[in-house]
Structures are given as structure tokens and as C-alpha cells.
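Some notes on the structure that comes next.
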Amino acid sequence: MVDENRLALQLCGRKMPGAVSVDFGTAGMRHRRGAGHNELLGRAVGVGKKPGLAVIDATAGLGRDGFVLADLGVNVRLCERHPVVAALLSAGLAAGTAVADDWLNAVLARMQLTEGDVRELPHDEVAAADVIYLDPMFPPRDKTAAVKKEMALFQFLLQGVPADADELLRWALQKPVARVVVKRPAKAEPLAGLQPSHAIRGKAVRYDVYVLAGLA
Ligand SMILES: C[S@@+](CC[C@H](N)C(=O)[O-])C[C@H]1O[C@@H](n2cnc3c(N)ncnc32)[C@H](O)[C@@H]1O
């Protein structure tokens, strides 16, 4: 479904939630940086520890976390392997870039999307990053209508896709980056049973930080 210049996906059938699209220009996105859990995400990846920090957002989804990081000044390489999710994200990035808004344009200029499995990124691109960020988590994080419809969409699109988050963490930990950060539900076990160096805890979410080297 294309509405003006925006690509949107609508599940069909009775009682289906509304259409999902990616719009980085909304007031909600504009104010995300101020929300407590986003400040935690910034701390987890090490914002402020190194100028020009580069993060691979290995599970980009609809780009919300990647956008928060880019808004915090981070250069973000987004990877998304599901072609429909990647198309929505790509359309959202293009639409935001076309809006005459200096703040939005500057944030989006720090976000680059690669469609495909992050494990197929060229070695040089992985080596150029400081941090690999993983958010394989699907349980709903809050009950707002927008999040509910996105969760319904993800659950529909990703049926049958193998749950390989443990392998993804093991892959990330072997890469030449300074840290790997994993978003987890607050009370969940660490991915692959691997204890992090430390964790940054919010009410509903926890960031497990695996420190592999310094960020200087
Ligand atoms: C929970 S969503 C991420 C949500 C995202 N953090 C956000 O803020 O919008 C997880 C996404 O990771 C993608 N994904 C999972 N494993 C991947 C991999 N190995 N490479 C690239 N994308 C992957 C899935 O297709 C899914 O869209």
C-alpha cells in the first residue's frame, strides 16, 4: 500500500491492526531521545566515550533504536534481513530525507541501511564499527496501539523464520569490535546463557553489555 510517498503494510482480515509504516518525522520520534530507556541505550553502546562512534544495528527492524542512536550522534549501519521489513525501513529513510527539516536530515545522514543478513556484511565494514547492537526481542514492550500493530506485523512476517539469536550473539562476540550490546526483556536470561560484562537495567528492558576492548 502506498499512501502519498509513503510505503505502508496493512494486514488484511477481520480485526486486523492498522497499517504500519516508518515515519521518523513524527513528534513521537522527535522526542524519543528524552525517554529514559533511550538514554540507557546510549550509555550501553558507549555514547560520549569516543567521537564518531560507529554502531552496527544488526537487527534493524523498523529502525527505532537505530534512529535513537543516530540522534545521539552515532553513525549507524542498519542491517535488516527480512525483505518486507527492509523495504518499509528503506522507504521511511527516503521519505525522511526528502522532508525539509535540518534536524531530521542530519540524523538520517548518520543512518545507512544494508538489506540482508548482518553476518554477510563485508569484513571491512564490520571491522570499521566500534559496537554491534542486537535486539532480537519480540515480546511487546508496551501496550500503545502503534507498538501493538508493529508486533502483530512482525509476528505475521516472521512466522517460520528460525530463532537464531543465540548464534547471532556468538557470531558478534567473535568480531573485532569493542563491545556487543544486547537488548533483553528485564527479567530474561542472557542470550545463549552467556553472562555479560555488565548490564544496564531499565523497568522493562535490560541492555547486556559484552566488553571486548576499550572504546578509545
Ligand atoms: C525485534 S526486531 C528489531 C526492532 C528494532 N530494534 C527497532 O527498534 O525497530 C528484530 C529484527 O531483526 C531482524 N533480524 C534478525 N536476525 C537478523 C540477522 N541475522 N541479520 C539481519 N537482520 C536480522 C528481523 O528480521 C527483525 O526485523
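Chain labels follow the order of the C-alpha cells: the first chain is A, the next B, and so on; residue numbering restarts at 1 in every chain, and ligands are counted from 1 in their shown order.
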At a cut-off of 7 Å, can you tabulate as a Markdown table every residue of chain A near ligand 1 together with its closest atom pair and the distance in Å to one decimal, using only C-alpha atoms and all ligand atoms and ordering rows by chain then number?
| residue | atom | partner | partner_atom_place_in_ligand_line | distance |
| --- | --- | --- | --- | --- |
| A:Ala58 | CA | ligand 1 | 21 (C) | 5.4 |
| A:Thr59 | CA | ligand 1 | 12 (O) | 3.4 |
| A:Ala60 | CA | ligand 1 | 5 (C) | 4.8 |
| A:Gly61 | CA | ligand 1 | 27 (O) | 3.6 |
| A:Leu62 | CA | ligand 1 | 9 (O) | 3.8 |
| A:Gly63 | CA | ligand 1 | 9 (O) | 4.2 |
| A:Arg64 | CA | ligand 1 | 8 (O) | 3.6 |
| A:Asp65 | CA | ligand 1 | 8 (O) | 3.8 |
| A:Gly66 | CA | ligand 1 | 8 (O) | 6.4 |
| A:Cys79 | CA | ligand 1 | 21 (C) | 4.9 |
| A:Glu80 | CA | ligand 1 | 22 (N) | 3.7 |
| A:Arg81 | CA | ligand 1 | 22 (N) | 4.1 |
| A:His82 | CA | ligand 1 | 25 (O) | 4.6 |
| A:Val85 | CA | ligand 1 | 27 (O) | 5.9 |
| A:Gly116 | CA | ligand 1 | 21 (C) | 5.7 |
| A:Asp117 | CA | ligand 1 | 20 (N) | 3.5 |
| A:Val118 | CA | ligand 1 | 20 (N) | 4.0 |
| A:Arg119 | CA | ligand 1 | 19 (N) | 6.1 |
| A:Asp135 | CA | ligand 1 | 6 (N) | 5.0 |
| A:Pro136 | CA | ligand 1 | 10 (C) | 4.6 |
| A:Met137 | CA | ligand 1 | 1 (C) | 4.6 |
| A:Phe138 | CA | ligand 1 | 1 (C) | 5.0 |
| A:Phe154 | CA | ligand 1 | 27 (O) | 7.0 |
| A:Leu158 | CA | ligand 1 | 25 (O) | 6.9 |
| A:Ala165 | CA | ligand 1 | 16 (N) | 6.7 |
| A:Leu168 | CA | ligand 1 | 19 (N) | 6.2 |
Selected residues, C-alpha atoms, written as a CSV table (one decimal), in the first residue's frame, please.
chain,number,residue,atom,x,y,z
A,58,ALA,CA,22.4,-5.9,13.4
A,59,THR,CA,18.7,-6.4,13.8
A,60,ALA,CA,17.4,-3.0,12.5
A,61,GLY,CA,13.6,-3.9,12.2
A,62,LEU,CA,11.7,-0.6,11.7
A,63,GLY,CA,14.8,1.4,12.7
A,64,ARG,CA,13.5,2.9,16.0
A,65,ASP,CA,16.6,2.1,18.1
A,66,GLY,CA,18.9,2.9,15.2
A,79,CYS,CA,21.1,-4.4,8.8
A,80,GLU,CA,17.7,-6.0,8.1
A,81,ARG,CA,17.3,-9.4,6.5
A,82,HIS,CA,13.6,-9.6,6.0
A,85,VAL,CA,10.7,-5.0,6.8
A,116,GLY,CA,20.5,-8.8,4.2
A,117,ASP,CA,21.8,-10.9,7.0
A,118,VAL,CA,24.3,-9.0,9.1
A,119,ARG,CA,26.6,-12.0,9.0
A,135,ASP,CA,17.7,-6.5,19.5
A,136,PRO,CA,16.2,-9.9,18.7
A,137,MET,CA,13.3,-9.3,21.2
A,138,PHE,CA,9.7,-9.8,20.2
A,154,PHE,CA,6.4,-8.8,12.9
A,158,LEU,CA,8.5,-13.7,10.8
A,165,ALA,CA,19.5,-15.1,18.2
A,168,LEU,CA,23.9,-14.2,16.3
Notebook entry, point to check: Taking the backbone alone, and naming residues the way the document does, which bits of region 76-171 of chain A are strand (DSSP E or B) by DSSP, as an MDAnalysis selection string?
Noted result: chainID A and resid 76:80 111:115 131:134
What lies within 9 Å of region 39-54 of chain A using only C-alpha atoms, ignoring chain neighbours under 6 positions off, as a PDB file with N, CA and C atoms, in the first residue's frame?
ATOM      1  N   ARG A  33      14.560  10.730  22.138  1.00  0.00           N
ATOM      2  CA  ARG A  33      15.855  10.857  22.786  1.00  0.00           C
ATOM      3  C   ARG A  33      15.702  11.143  24.289  1.00  0.00           C
ATOM      4  N   ASP A  65      15.389   1.957  17.237  1.00  0.00           N
ATOM      5  CA  ASP A  65      16.594   2.061  18.073  1.00  0.00           C
ATOM      6  C   ASP A  65      17.736   2.693  17.279  1.00  0.00           C
ATOM      7  N   VAL A  68      17.282   6.373  17.330  1.00  0.00           N
ATOM      8  CA  VAL A  68      17.654   6.952  18.634  1.00  0.00           C
ATOM      9  C   VAL A  68      19.174   7.123  18.703  1.00  0.00           C
ATOM     10  N   LEU A  69      19.899   6.076  18.270  1.00  0.00           N
ATOM     11  CA  LEU A  69      21.364   6.151  18.319  1.00  0.00           C
ATOM     12  C   LEU A  69      21.883   7.255  17.393  1.00  0.00           C
ATOM     13  N   LEU A  72      21.588  10.502  18.801  1.00  0.00           N
ATOM     14  CA  LEU A  72      22.598  10.748  19.847  1.00  0.00           C
ATOM     15  C   LEU A  72      23.977  11.004  19.229  1.00  0.00           C
ATOM     16  N   GLY A  73      24.054  11.057  17.892  1.00  0.00           N
ATOM     17  CA  GLY A  73      25.315  11.400  17.223  1.00  0.00           C
ATOM     18  C   GLY A  73      26.099  10.206  16.721  1.00  0.00           C
ATOM     19  N   VAL A  74      25.531   9.013  16.866  1.00  0.00           N
ATOM     20  CA  VAL A  74      26.231   7.789  16.473  1.00  0.00           C
ATOM     21  C   VAL A  74      26.057   7.558  14.968  1.00  0.00           C
ATOM     22  N   ASN A  75      27.097   7.044  14.302  1.00  0.00           N
ATOM     23  CA  ASN A  75      26.958   6.602  12.902  1.00  0.00           C
ATOM     24  C   ASN A  75      26.462   5.167  12.920  1.00  0.00           C
ATOM     25  N   VAL A  76      25.333   4.921  12.278  1.00  0.00           N
ATOM     26  CA  VAL A  76      24.674   3.623  12.421  1.00  0.00           C
ATOM     27  C   VAL A  76      24.574   2.902  11.082  1.00  0.00           C
ATOM     28  N   ARG A  77      25.116   1.687  11.023  1.00  0.00           N
ATOM     29  CA  ARG A  77      24.921   0.802   9.873  1.00  0.00           C
ATOM     30  C   ARG A  77      23.773  -0.132  10.237  1.00  0.00           C
ATOM     31  N   ALA A 128      35.201  -1.779  10.821  1.00  0.00           N
ATOM     32  CA  ALA A 128      35.160  -0.323  10.973  1.00  0.00           C
ATOM     33  C   ALA A 128      34.224   0.105  12.103  1.00  0.00           C
ATOM     34  N   ALA A 129      33.443  -0.835  12.629  1.00  0.00           N
ATOM     35  CA  ALA A 129      32.474  -0.491  13.683  1.00  0.00           C
ATOM     36  C   ALA A 129      33.105  -0.629  15.066  1.00  0.00           C
ATOM     37  N   ASP A 130      32.573   0.130  16.017  1.00  0.00           N
ATOM     38  CA  ASP A 130      33.021   0.023  17.409  1.00  0.00           C
ATOM     39  C   ASP A 130      32.143  -0.955  18.189  1.00  0.00           C
ATOM     40  N   VAL A 131      30.865  -1.009  17.812  1.00  0.00           N
ATOM     41  CA  VAL A 131      29.891  -1.746  18.612  1.00  0.00           C
ATOM     42  C   VAL A 131      28.937  -2.502  17.684  1.00  0.00           C
ATOM     43  N   ILE A 132      28.565  -3.706  18.085  1.00  0.00           N
ATOM     44  CA  ILE A 132      27.455  -4.416  17.409  1.00  0.00           C
ATOM     45  C   ILE A 132      26.292  -4.448  18.389  1.00  0.00           C
ATOM     46  N   TYR A 133      25.138  -3.992  17.918  1.00  0.00           N
ATOM     47  CA  TYR A 133      23.932  -3.929  18.755  1.00  0.00           C
ATOM     48  C   TYR A 133      22.918  -4.950  18.247  1.00  0.00           C
ATOM     49  N   ARG A 179      32.667  -3.591  21.744  1.00  0.00           N
ATOM     50  CA  ARG A 179      31.617  -4.163  22.596  1.00  0.00           C
ATOM     51  C   ARG A 179      30.427  -4.659  21.778  1.00  0.00           C
ATOM     52  N   VAL A 180      29.714  -5.589  22.379  1.00  0.00           N
ATOM     53  CA  VAL A 180      28.465  -6.086  21.804  1.00  0.00           C
ATOM     54  C   VAL A 180      27.388  -5.793  22.842  1.00  0.00           C
ATOM     55  N   VAL A 181      26.280  -5.227  22.385  1.00  0.00           N
ATOM     56  CA  VAL A 181      25.194  -4.874  23.307  1.00  0.00           C
ATOM     57  C   VAL A 181      23.935  -5.614  22.866  1.00  0.00           C
ATOM     58  N   LYS A 183      19.784  -6.132  23.664  1.00  0.00           N
ATOM     59  CA  LYS A 183      18.565  -5.699  24.377  1.00  0.00           C
ATOM     60  C   LYS A 183      17.774  -6.934  24.784  1.00  0.00           C
ATOM     61  N   ALA A 199      25.386  -5.073  32.969  1.00  0.00           N
ATOM     62  CA  ALA A 199      24.067  -4.832  32.367  1.00  0.00           C
ATOM     63  C   ALA A 199      23.575  -3.460  32.798  1.00  0.00           C
ATOM     64  N   ILE A 200      22.826  -2.813  31.893  1.00  0.00           N
ATOM     65  CA  ILE A 200      22.209  -1.529  32.212  1.00  0.00           C
ATOM     66  C   ILE A 200      20.709  -1.780  32.247  1.00  0.00           C
ATOM     67  N   ARG A 201      20.122  -1.539  33.405  1.00  0.00           N
ATOM     68  CA  ARG A 201      18.750  -2.001  33.628  1.00  0.00           C
ATOM     69  C   ARG A 201      17.736  -0.871  33.601  1.00  0.00           C
ATOM     70  N   GLY A 202      16.660  -1.073  32.832  1.00  0.00           N
ATOM     71  CA  GLY A 202      15.504  -0.191  32.887  1.00  0.00           C
ATOM     72  C   GLY A 202      14.345  -0.975  33.482  1.00  0.00           C
ATOM     73  N   ARG A 206      16.472  -4.524  29.542  1.00  0.00           N
ATOM     74  CA  ARG A 206      17.834  -4.561  30.079  1.00  0.00           C
ATOM     75  C   ARG A 206      18.795  -4.598  28.890  1.00  0.00           C
ATOM     76  N   TYR A 207      19.919  -3.876  29.002  1.00  0.00           N
ATOM     77  CA  TYR A 207      20.942  -3.947  27.962  1.00  0.00           C
ATOM     78  C   TYR A 207      22.130  -4.722  28.517  1.00  0.00           C
ATOM     79  N   ASP A 208      22.407  -5.889  27.936  1.00  0.00           N
ATOM     80  CA  ASP A 208      23.562  -6.688  28.333  1.00  0.00           C
ATOM     81  C   ASP A 208      24.763  -6.215  27.514  1.00  0.00           C
ATOM     82  N   VAL A 209      25.822  -5.811  28.213  1.00  0.00           N
ATOM     83  CA  VAL A 209      26.994  -5.237  27.546  1.00  0.00           C
ATOM     84  C   VAL A 209      28.165  -6.214  27.666  1.00  0.00           C
ATOM     85  N   LEU A 215      37.033   1.640  24.270  1.00  0.00           N
ATOM     86  CA  LEU A 215      36.386   2.396  23.182  1.00  0.00           C
ATOM     87  C   LEU A 215      37.182   3.632  22.764  1.00  0.00           C
ATOM     88  N   ALA A 216      38.400   3.746  23.195  1.00  0.00           N
ATOM     89  CA  ALA A 216      39.141   4.990  22.905  1.00  0.00           C
ATOM     90  C   ALA A 216      39.458   5.108  21.419  1.00  0.00           C
TER      91      ALA A 216
END
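With distances restricted to only C-alpha atoms, A:Ala172 is the closest residue to Ala127 (chain A) from A:Ala70, A:Ala172, A:Leu157, A:Val107.
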* Using only C-alpha atoms, pick whichever of A:Lys148, A:His198, A:Lys15, A:His123 has the shortest atom-to-atom distance to Val177 (chain A). =>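 Ranking A:Lys148, A:His198, A:Lys15, A:His123 by distance to Val177 (chain A), first place goes to A:His123.
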- Message: Which residue is closest to Asn105 (chain A)? Choose from A:Gly13, A:Gly25, A:Pro185, A:Gln174 and count only C-alpha atoms.
- Response: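 For Asn105 (chain A), the nearest of the given residues is A:Gly25.
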Exercise for the section: Assign secondary structure with DSSP using the backbone only, and return the residues of region 29-186 of chain A in helix (DSSP H, G or I) as a PyMOL selection string. Expected result: chain A and resi 29-30+32-34+36-45+64-71+83-98+102-109+118-120+123-127+145-157+165-173
